[in-house]
$ cat final-v4.csv   # CSV, C-alpha atoms
chain,number,residue,atom,x,y,z
Y,144,MET,CA,45.0,-56.2,171.1
Y,145,SER,CA,44.2,-59.7,172.0
Y,146,THR,CA,46.6,-62.6,172.1
Y,147,PRO,CA,44.8,-65.9,171.2
Y,148,GLU,CA,45.6,-69.0,173.2
Y,149,VAL,CA,44.5,-72.3,171.8
Y,150,SER,CA,45.5,-75.9,171.9
Y,151,THR,CA,48.8,-76.8,170.3
Y,152,PRO,CA,48.6,-75.7,166.6
Y,153,GLU,CA,49.6,-78.4,164.1
Y,154,ALA,CA,52.5,-76.2,162.9
Y,155,LEU,CA,54.1,-76.5,166.4
Y,156,SER,CA,53.1,-80.0,167.4
Y,157,ALA,CA,56.3,-81.5,166.2
Y,158,ALA,CA,58.3,-79.4,168.7
Y,159,ILE,CA,56.0,-79.7,171.7
Y,160,GLY,CA,55.7,-82.7,173.9
Y,161,PRO,CA,52.5,-84.0,175.6
Y,162,VAL,CA,50.4,-81.1,176.7
Y,163,PRO,CA,48.3,-81.4,179.9
Y,164,ALA,CA,44.6,-80.7,179.5
Y,165,GLY,CA,43.8,-77.0,179.6
Y,166,VAL,CA,47.4,-75.9,178.8
Y,167,THR,CA,47.6,-73.5,175.9
Y,168,ILE,CA,50.3,-71.6,174.1
Y,169,PRO,CA,50.3,-68.0,172.8
Y,170,LEU,CA,49.7,-67.2,169.1
Y,171,PRO,CA,50.2,-64.0,167.1
Y,172,PRO,CA,47.9,-61.2,168.4
Y,173,THR,CA,44.9,-60.0,166.5
Y,174,PHE,CA,43.5,-56.4,166.4
Y,175,GLU,CA,40.2,-54.7,165.9
Y,176,ASP,CA,41.8,-51.2,166.0
Y,177,VAL,CA,44.2,-50.3,163.2
Y,178,ALA,CA,46.0,-47.7,165.4
Y,179,ALA,CA,46.7,-50.4,168.0
Y,180,GLU,CA,48.0,-52.7,165.3
Y,181,ARG,CA,50.2,-50.0,163.8
Y,182,GLN,CA,51.7,-49.3,167.2
Y,183,TYR,CA,52.3,-53.0,167.8
Y,184,ARG,CA,54.1,-53.4,164.5
Y,185,LYS,CA,56.3,-50.3,165.2
Y,186,GLU,CA,57.2,-51.7,168.6
Y,187,GLN,CA,58.1,-55.1,167.1
Y,188,LEU,CA,60.2,-53.3,164.4
Y,189,ALA,CA,62.1,-51.3,167.1
Y,190,ALA,CA,62.7,-54.6,168.9
Y,191,GLY,CA,63.9,-56.2,165.7
Y,192,PHE,CA,66.5,-53.4,165.2
Y,193,ARG,CA,67.7,-53.8,168.8
Y,194,LEU,CA,68.1,-57.5,168.2
Y,195,PHE,CA,70.1,-56.8,165.0
Y,196,GLY,CA,72.3,-54.5,167.0
Y,197,ARG,CA,72.7,-57.1,169.7
Y,198,PHE,CA,73.7,-59.8,167.2
Y,199,GLY,CA,76.2,-57.4,165.5
Y,200,PHE,CA,74.4,-57.2,162.2
Y,201,SER,CA,75.2,-53.5,161.8
Y,202,GLU,CA,77.8,-52.3,159.3
Y,203,GLY,CA,78.0,-48.6,159.2
Y,204,VAL,CA,74.7,-47.2,157.8
Y,205,ALA,CA,73.8,-50.4,155.9
Y,206,GLY,CA,70.9,-52.6,156.8
Y,207,HIS,CA,67.1,-52.2,157.1
Y,208,ILE,CA,64.0,-53.9,158.4
Y,209,THR,CA,60.6,-52.8,157.2
Y,210,VAL,CA,57.0,-53.5,158.2
Y,211,ARG,CA,54.0,-52.8,156.1
Y,212,ASP,CA,51.5,-50.3,157.5
Y,213,PRO,CA,48.3,-52.1,158.5
Y,214,GLU,CA,46.0,-49.3,157.1
Y,215,HIS,CA,48.0,-48.3,154.0
Y,216,PRO,CA,49.6,-51.4,152.4
Y,217,ASP,CA,51.5,-49.3,150.0
Y,218,ARG,CA,53.5,-47.7,152.8
Y,219,PHE,CA,56.1,-49.2,155.2
Y,220,TRP,CA,57.8,-48.3,158.4
Y,221,VAL,CA,61.6,-48.4,158.3
Y,222,ASN,CA,64.6,-47.2,160.3
Y,223,PRO,CA,65.9,-43.6,159.8
Y,224,PHE,CA,69.0,-43.5,157.7
Y,225,GLY,CA,72.2,-43.4,159.7
Y,226,MET,CA,70.7,-44.2,163.1
Y,227,SER,CA,72.3,-46.9,165.3
Y,228,PHE,CA,70.3,-50.1,165.6
Y,229,HIS,CA,71.1,-50.1,169.3
Y,230,GLN,CA,69.2,-46.9,169.8
Y,231,ILE,CA,66.1,-47.1,167.6
Y,232,LYS,CA,62.8,-46.5,169.4
Y,233,ALA,CA,59.3,-47.0,168.0
Y,234,SER,CA,58.9,-43.2,167.9
Y,235,ASP,CA,62.0,-42.9,165.7
Y,236,LEU,CA,60.7,-45.0,162.8
Y,237,ILE,CA,59.7,-43.2,159.6
Y,238,LEU,CA,56.9,-44.1,157.1
Y,239,VAL,CA,57.6,-44.2,153.4
Y,240,ASP,CA,55.4,-45.0,150.4
Y,241,HIS,CA,56.3,-47.2,147.5
Y,242,GLU,CA,57.2,-44.1,145.5
Y,243,GLY,CA,59.8,-43.1,148.0
Y,244,THR,CA,57.8,-40.2,149.6
Y,245,LEU,CA,58.4,-39.6,153.3
Y,246,VAL,CA,54.9,-39.7,154.8
Y,247,HIS,CA,55.8,-39.5,158.5
Y,248,GLY,CA,59.0,-38.6,160.3
Y,249,ASN,CA,61.7,-36.0,160.0
Y,250,ARG,CA,64.8,-38.0,159.0
Y,251,PRO,CA,65.8,-39.3,155.5
Y,252,VAL,CA,65.3,-42.9,154.3
Y,253,ASN,CA,68.2,-45.1,153.1
Y,254,LYS,CA,67.7,-45.1,149.3
Y,255,ALA,CA,68.7,-48.8,149.1
Y,256,ALA,CA,66.1,-49.6,151.7
Y,257,PHE,CA,63.4,-47.9,149.6
Y,258,VAL,CA,64.5,-49.4,146.3
Y,259,ILE,CA,64.7,-53.0,147.7
Y,260,HIS,CA,61.9,-53.1,150.2
Y,261,SER,CA,59.3,-51.2,148.1
Y,262,GLN,CA,59.7,-53.8,145.4
Y,263,VAL,CA,59.7,-56.7,147.7
Y,264,HIS,CA,56.5,-55.5,149.5
Y,265,ALA,CA,54.9,-54.7,146.1
Y,266,ALA,CA,55.6,-58.1,144.7
Y,267,ARG,CA,54.7,-60.0,147.9
Y,268,PRO,CA,51.4,-58.9,149.4
Y,269,ASP,CA,51.8,-61.6,152.0
Y,270,ALA,CA,55.2,-60.2,153.2
Y,271,ILE,CA,54.3,-58.0,156.1
Y,272,ALA,CA,58.0,-57.5,157.0
Y,273,ALA,CA,61.4,-57.8,155.3
Y,274,ALA,CA,64.8,-57.8,156.8
Y,275,HIS,CA,68.2,-57.2,155.2
Y,276,SER,CA,71.6,-56.5,156.7
Y,277,HIS,CA,75.3,-56.9,155.9
Y,278,SER,CA,75.9,-59.6,158.6
Y,279,LEU,CA,79.4,-61.1,158.6
Y,280,HIS,CA,78.7,-64.7,157.8
Y,281,GLY,CA,75.8,-63.9,155.4
Y,282,LYS,CA,77.9,-61.7,153.2
Y,283,ALA,CA,80.9,-64.1,153.4
Y,284,PHE,CA,78.6,-67.0,152.3
Y,285,SER,CA,76.9,-64.8,149.7
Y,286,SER,CA,80.3,-64.4,147.9
Y,287,LEU,CA,80.1,-68.1,147.0
Y,288,GLY,CA,77.0,-67.6,144.9
Y,289,ILE,CA,75.5,-70.9,146.1
Y,290,PRO,CA,72.4,-71.8,148.1
Y,291,LEU,CA,72.4,-73.2,151.6
Y,292,ASP,CA,72.7,-77.0,151.7
Y,293,PRO,CA,70.6,-79.1,154.0
Y,294,ILE,CA,73.5,-80.0,156.3
Y,295,THR,CA,71.8,-79.2,159.6
Y,296,GLN,CA,68.3,-79.3,161.1
Y,297,ASP,CA,68.1,-75.5,161.2
Y,298,ALA,CA,69.2,-75.1,157.6
Y,299,CYS,CA,66.3,-77.4,156.5
Y,300,ALA,CA,63.9,-74.5,157.3
Y,301,PHE,CA,65.3,-73.0,154.0
Y,302,PHE,CA,65.5,-76.1,152.0
Y,303,GLU,CA,64.0,-75.4,148.5
Y,304,ASP,CA,62.5,-72.2,150.1
Y,305,HIS,CA,65.2,-69.7,149.3
Y,306,ALA,CA,66.9,-68.3,146.2
Y,307,VAL,CA,70.2,-66.8,145.0
Y,308,TYR,CA,70.3,-63.4,143.3
Y,309,SER,CA,73.5,-63.4,141.3
Y,310,ASP,CA,73.3,-60.1,139.5
Y,311,TYR,CA,75.3,-57.8,141.8
Y,312,ARG,CA,75.7,-54.3,140.3
Y,313,GLY,CA,77.0,-52.2,143.2
Y,314,VAL,CA,75.0,-50.3,145.8
Y,315,VAL,CA,71.3,-50.7,145.0
Y,316,ASN,CA,70.1,-47.3,143.7
Y,317,GLU,CA,67.7,-48.2,140.9
Y,318,ILE,CA,64.1,-49.5,141.1
Y,319,GLU,CA,64.8,-52.0,138.4
Y,320,GLU,CA,67.4,-53.8,140.5
Y,321,GLY,CA,64.9,-53.8,143.4
Y,322,LYS,CA,62.4,-55.5,141.0
Y,323,ARG,CA,65.0,-58.1,140.0
Y,324,ILE,CA,65.7,-58.9,143.6
Y,325,ALA,CA,62.0,-59.3,144.3
Y,326,GLN,CA,61.7,-61.5,141.3
Y,327,ALA,CA,64.6,-63.7,142.5
Y,328,LEU,CA,63.0,-63.9,145.9
Y,329,GLY,CA,59.8,-65.2,144.3
Y,330,PRO,CA,57.5,-67.0,146.7
Y,331,HIS,CA,60.3,-67.9,149.1
Y,332,LYS,CA,61.2,-66.8,152.7
Y,333,ALA,CA,64.7,-65.7,151.8
Y,334,VAL,CA,67.1,-64.8,149.1
Y,335,ILE,CA,70.9,-64.7,149.2
Y,336,LEU,CA,72.2,-61.6,147.4
Y,337,GLN,CA,75.5,-62.6,145.9
Y,338,ASN,CA,78.4,-60.5,147.1
Y,339,HIS,CA,76.0,-58.5,149.3
Y,340,GLY,CA,74.2,-60.4,152.0
Y,341,LEU,CA,70.9,-61.9,153.1
Y,342,LEU,CA,67.3,-60.8,152.8
Y,343,THR,CA,64.3,-62.5,154.5
Y,344,VAL,CA,60.6,-61.9,154.6
Y,345,GLY,CA,57.7,-62.9,156.9
Y,346,GLN,CA,54.1,-62.4,157.8
Y,347,SER,CA,55.3,-60.6,160.9
Y,348,VAL,CA,58.4,-58.7,162.0
Y,349,ALA,CA,59.2,-61.5,164.4
Y,350,GLU,CA,59.2,-64.1,161.6
Y,351,ALA,CA,61.3,-62.1,159.2
Y,352,VAL,CA,63.9,-61.3,161.9
Y,353,TRP,CA,64.0,-64.9,163.1
Y,354,TRP,CA,64.6,-66.2,159.5
Y,355,PHE,CA,67.4,-63.7,159.2
Y,356,VAL,CA,69.0,-64.7,162.5
Y,357,THR,CA,68.8,-68.4,161.8
Y,358,MET,CA,69.9,-68.1,158.2
Y,359,GLU,CA,72.9,-66.1,159.2
Y,360,ARG,CA,73.8,-68.8,161.7
Y,361,SER,CA,73.2,-71.5,159.0
Y,362,CYS,CA,75.6,-69.7,156.7
Y,363,GLN,CA,78.2,-69.7,159.5
Y,364,ALA,CA,77.7,-73.4,160.1
Y,365,GLN,CA,78.1,-74.3,156.4
Y,366,LEU,CA,81.2,-72.1,156.1
Y,367,LEU,CA,82.7,-73.9,159.1
Y,368,ALA,CA,81.7,-77.3,157.8
Y,369,MET,CA,83.1,-76.6,154.3
Y,370,ALA,CA,86.4,-75.4,155.8
Y,371,ALA,CA,86.7,-78.6,157.9
Y,372,GLY,CA,85.8,-81.1,155.1
Y,373,THR,CA,82.9,-82.2,153.0
Y,374,PRO,CA,79.6,-81.9,154.8
Y,375,LYS,CA,77.1,-84.8,154.7
Y,376,LEU,CA,73.8,-83.7,153.2
Y,377,ILE,CA,70.4,-84.6,154.7
Y,378,ASP,CA,68.4,-86.5,152.1
Y,379,ARG,CA,65.6,-84.6,150.3
Y,380,GLU,CA,62.7,-86.4,151.8
Y,381,THR,CA,63.9,-85.8,155.4
Y,382,ALA,CA,64.9,-82.2,154.6
Y,383,LEU,CA,61.3,-81.5,153.3
Y,384,ILE,CA,59.8,-83.1,156.4
Y,385,THR,CA,62.0,-81.1,158.6
Y,386,ARG,CA,61.1,-77.9,156.7
Y,387,GLY,CA,57.5,-78.7,157.3
Y,388,GLN,CA,58.2,-78.9,161.0
Y,389,LEU,CA,60.4,-75.8,161.4
Y,390,GLY,CA,59.8,-73.6,158.3
Y,391,SER,CA,56.2,-72.4,158.6
Y,392,SER,CA,55.2,-68.8,159.3
Y,393,LEU,CA,53.9,-69.7,162.7
Y,394,ALA,CA,57.0,-71.7,163.6
Y,395,GLY,CA,59.1,-68.7,162.6
Y,396,TRP,CA,57.0,-66.4,164.8
Y,397,PHE,CA,57.1,-68.7,167.7
Y,398,GLN,CA,60.8,-69.4,167.6
Y,399,ALA,CA,61.4,-65.7,167.9
Y,400,ARG,CA,59.5,-65.5,171.2
Y,401,PRO,CA,62.6,-65.9,173.5
Y,402,LEU,CA,64.4,-63.2,171.6
Y,403,TRP,CA,61.5,-60.7,172.0
Y,404,ASP,CA,61.2,-61.5,175.7
Y,405,GLN,CA,64.9,-60.9,176.2
Y,406,ILE,CA,65.2,-57.6,174.3
Y,407,THR,CA,62.0,-56.1,175.6
Y,408,ALA,CA,63.1,-56.9,179.2
Y,409,SER,CA,66.6,-55.4,178.7
Y,410,ASP,CA,65.7,-52.5,176.4
Y,411,PRO,CA,62.3,-51.1,177.6
Y,412,ASP,CA,63.0,-47.7,176.1
Y,413,LEU,CA,62.4,-49.2,172.6
Y,414,PHE,CA,58.7,-48.7,173.3
Y,415,ASP,CA,59.1,-44.9,173.6
$ encode --input "final-v4.csv" --output "structure tokens"
Amino acid sequence: MSTPEVSTPEALSAAIGPVPAGVTIPLPPTFEDVAAERQYRKEQLAAGFRLFGRFGFSEGVAGHITVRDPEHPDRFWVNPFGMSFHQIKASDLILVDHEGTLVHGNRPVNKAAFVIHSQVHAARPDAIAAAHSHSLHGKAFSSLGIPLDPITQDACAFFEDHAVYSDYRGVVNEIEEGKRIAQALGPHKAVILQNHGLLTVGQSVAEAVWWFVTMERSCQAQLLAMAAGTPKLIDRETALITRGQLGSSLAGWFQARPLWDQITASDPDLFD
């Protein structure tokens, strides 16, 4: 694995002040060995689950994050059904193909995880990772059946880049519903599943997890603002500019860096 360090990328330039000559910032790592990339993705996935646990995004056995296998794009790594987010290690993850066959591991897969994520990964070749959970404010906001408004700087990352899936039919058990969810997601980074919760995607686990974290908080902020009064909207032109500054794939990956540093320092056993 190599971690490139280059001059300030354009996608991050809006958030970084003057940079002294010779100072560089880290970028997503690249790999020449598929086994090393697979292990890295699994470790990132385990860290993502620990973060979900730390943020309180667990609700019984609900919730799942997936990452596409780097060698077999029709397979993805996912959490074992019924295992606490707080305890998941890289070695606990299971590998499932798009037909629902368990390829690696000795624990079952959550059927909803397979049904939703297999269709999302199939429809979005660019989506390396996808995250879904029944977080408190995400599911509360989802019951309104409306999109996020551009009322805060953070919410602008999702401005005209998320959708609402309004066809809730109970626990997701059918491939066709997974297809409908994927269709609703379209080319966006997130979809609000009405009466259900949030789902986000990214070109890395870090990106998908970050979009979920900040979308959950944006839902909370809008619920609070709506309870207090009528929020003032950011105008469309400014919202689009702000999305360009905060909503890129690289910006999502980079904004997750502090979270990864914290969780890997506090939970080193996730690498086991």
$ closest_residue --input "final-v4.csv" --among "Y:Val221, Y:Cys299, Y:Leu287, Y:Ala178" --to "Gln388 of chain Y" --atoms "all atoms listed in the file"
Y:Cys299
$ residues_near_point --input "final-v4.csv" --point "(61.1, -72.2, 170.0)" --cutoff "12 Å" --atoms "only C-alpha atoms" --output "list of chain:residue names"
Y:Ala154, Y:Leu155, Y:Ser156, Y:Ala157, Y:Ala158, Y:Ile159, Y:Ile168, Y:Pro169, Y:Asp297, Y:Glu350, Y:Trp353, Y:Thr357, Y:Gln388, Y:Leu389, Y:Gly390, Y:Leu393, Y:Ala394, Y:Gly395, Y:Trp396, Y:Phe397, Y:Gln398, Y:Ala399, Y:Arg400, Y:Pro401, Y:Leu402, Y:Trp403
$ closest_residue --input "final-v4.csv" --among "Y:Ile208, Y:Asn253, Y:Glu380, Y:Phe219" --to "Leu342 of chain Y" --atoms "only C-alpha atoms"
Y:Ile208
$ residues_around --input "final-v4.csv" --residues "Ala272 of chain Y" --least-positions-apart "3" --cutoff "12 Å" --atoms "all atoms listed in the file" --output "PyMOL selection string"
chain Y and resi 184-185+187-188+191+207-213+216+218-221+260-261+263-265+267-269+275+332-333+342-355+392+396
$ closest_residue --input "final-v4.csv" --among "Y:Ser227, Y:Ser276, Y:Thr385, Y:Gln365" --to "Gly206 of chain Y" --atoms "only C-alpha atoms"
Y:Ser276
$ closest_residue --input "final-v4.csv" --among "Y:Thr373, Y:Gln326, Y:Gln337, Y:Gln363" --to "Gln262 of chain Y" --atoms "all atoms listed in the file"
Y:Gln326
$ residues_around --input "final-v4.csv" --residues "Ser234 of chain Y" --least-positions-apart "6" --cutoff "9 Å" --atoms "all atoms listed in the file" --output "ChimeraX atom specification"
/Y:185-186,189,248,413-415
$ atom_distance --input "final-v4.csv" --atom1 "atom CA of Tyr308 of chain Y" --atom2 "atom CA of Ile324 of chain Y"
6.4 Å
$ closest_residue --input "final-v4.csv" --among "Y:Val258, Y:Ala233, Y:Ile294, Y:Ala325" --to "Ala368 of chain Y" --atoms "only C-alpha atoms"
Y:Ile294
$ closest_residue --input "final-v4.csv" --among "Y:Gly199, Y:Gly387, Y:Gly340, Y:Gly165" --to "Ser286 of chain Y" --atoms "all atoms listed in the file"
Y:Gly340
$ residues_around --input "final-v4.csv" --residues "Ala382 of chain Y" --least-positions-apart "6" --cutoff "8 Å" --atoms "all atoms listed in the file" --output "list in words"
Pro293, Gln296, Cys299 and Phe302 of chain Y
$ atom_distance --input "final-v4.csv" --atom1 "atom CA of Phe224 of chain Y" --atom2 "atom CA of His247 of chain Y"
13.8 Å
$ atom_distance --input "final-v4.csv" --atom1 "atom CA of Val356 of chain Y" --atom2 "atom CA of Ser391 of chain Y"
15.4 Å
$ residues_around --input "final-v4.csv" --residues "Asn249 of chain Y" --least-positions-apart "4" --cutoff "9 Å" --atoms "only C-alpha atoms" --output "ChimeraX atom specification"
/Y:223,235,237,245
$ residues_around --input "final-v4.csv" --residues "Asn316 of chain Y" --least-positions-apart "5" --cutoff "12 Å" --atoms "all atoms listed in the file" --output "VMD selection string"
chain Y and resid 243 253 to 260 311 321 to 322
$ build_atoms --input "final-v4.csv" --residues "segment 253-271 of chain Y" --atoms "N, CA and C atoms" --output "compact mmCIF listing (two decimals), in the frame of the given file"
# COMPACT_ATOMS: atom_id res chain seq x y z
N ASN Y 253 67.11 -44.48 153.87
CA ASN Y 253 68.20 -45.10 153.10
C ASN Y 253 67.64 -45.43 151.71
N LYS Y 254 68.26 -44.91 150.66
CA LYS Y 254 67.70 -45.10 149.30
C LYS Y 254 67.67 -46.61 148.97
N ALA Y 255 68.69 -47.36 149.37
CA ALA Y 255 68.70 -48.80 149.10
C ALA Y 255 67.53 -49.48 149.80
N ALA Y 256 67.20 -49.01 151.00
CA ALA Y 256 66.10 -49.60 151.70
C ALA Y 256 64.79 -49.38 150.95
N PHE Y 257 64.59 -48.16 150.44
CA PHE Y 257 63.40 -47.90 149.60
C PHE Y 257 63.38 -48.71 148.37
N VAL Y 258 64.49 -48.73 147.65
CA VAL Y 258 64.50 -49.40 146.30
C VAL Y 258 64.28 -50.90 146.49
N ILE Y 259 64.90 -51.53 147.49
CA ILE Y 259 64.70 -53.00 147.70
C ILE Y 259 63.37 -53.30 148.27
N HIS Y 260 63.08 -52.68 149.41
CA HIS Y 260 61.90 -53.10 150.20
C HIS Y 260 60.59 -52.68 149.50
N SER Y 261 60.57 -51.55 148.80
CA SER Y 261 59.30 -51.20 148.10
C SER Y 261 58.96 -52.22 147.08
N GLN Y 262 59.95 -52.76 146.39
CA GLN Y 262 59.70 -53.80 145.40
C GLN Y 262 59.34 -55.12 145.94
N VAL Y 263 59.98 -55.46 147.04
CA VAL Y 263 59.70 -56.70 147.70
C VAL Y 263 58.24 -56.69 148.25
N HIS Y 264 57.88 -55.58 148.92
CA HIS Y 264 56.50 -55.50 149.50
C HIS Y 264 55.48 -55.42 148.33
N ALA Y 265 55.82 -54.76 147.24
CA ALA Y 265 54.90 -54.70 146.10
C ALA Y 265 54.67 -56.04 145.47
N ALA Y 266 55.73 -56.82 145.36
CA ALA Y 266 55.60 -58.10 144.70
C ALA Y 266 55.07 -59.21 145.61
N ARG Y 267 55.17 -59.00 146.93
CA ARG Y 267 54.70 -60.00 147.90
C ARG Y 267 53.73 -59.43 148.86
N PRO Y 268 52.45 -59.39 148.50
CA PRO Y 268 51.40 -58.90 149.40
C PRO Y 268 51.39 -59.59 150.76
N ASP Y 269 51.84 -60.84 150.77
CA ASP Y 269 51.80 -61.60 152.00
C ASP Y 269 53.01 -61.24 152.92
N ALA Y 270 53.99 -60.53 152.40
CA ALA Y 270 55.20 -60.20 153.20
C ALA Y 270 54.91 -58.91 153.99
N ILE Y 271 54.56 -59.10 155.24
CA ILE Y 271 54.30 -58.00 156.10
C ILE Y 271 55.61 -57.28 156.50
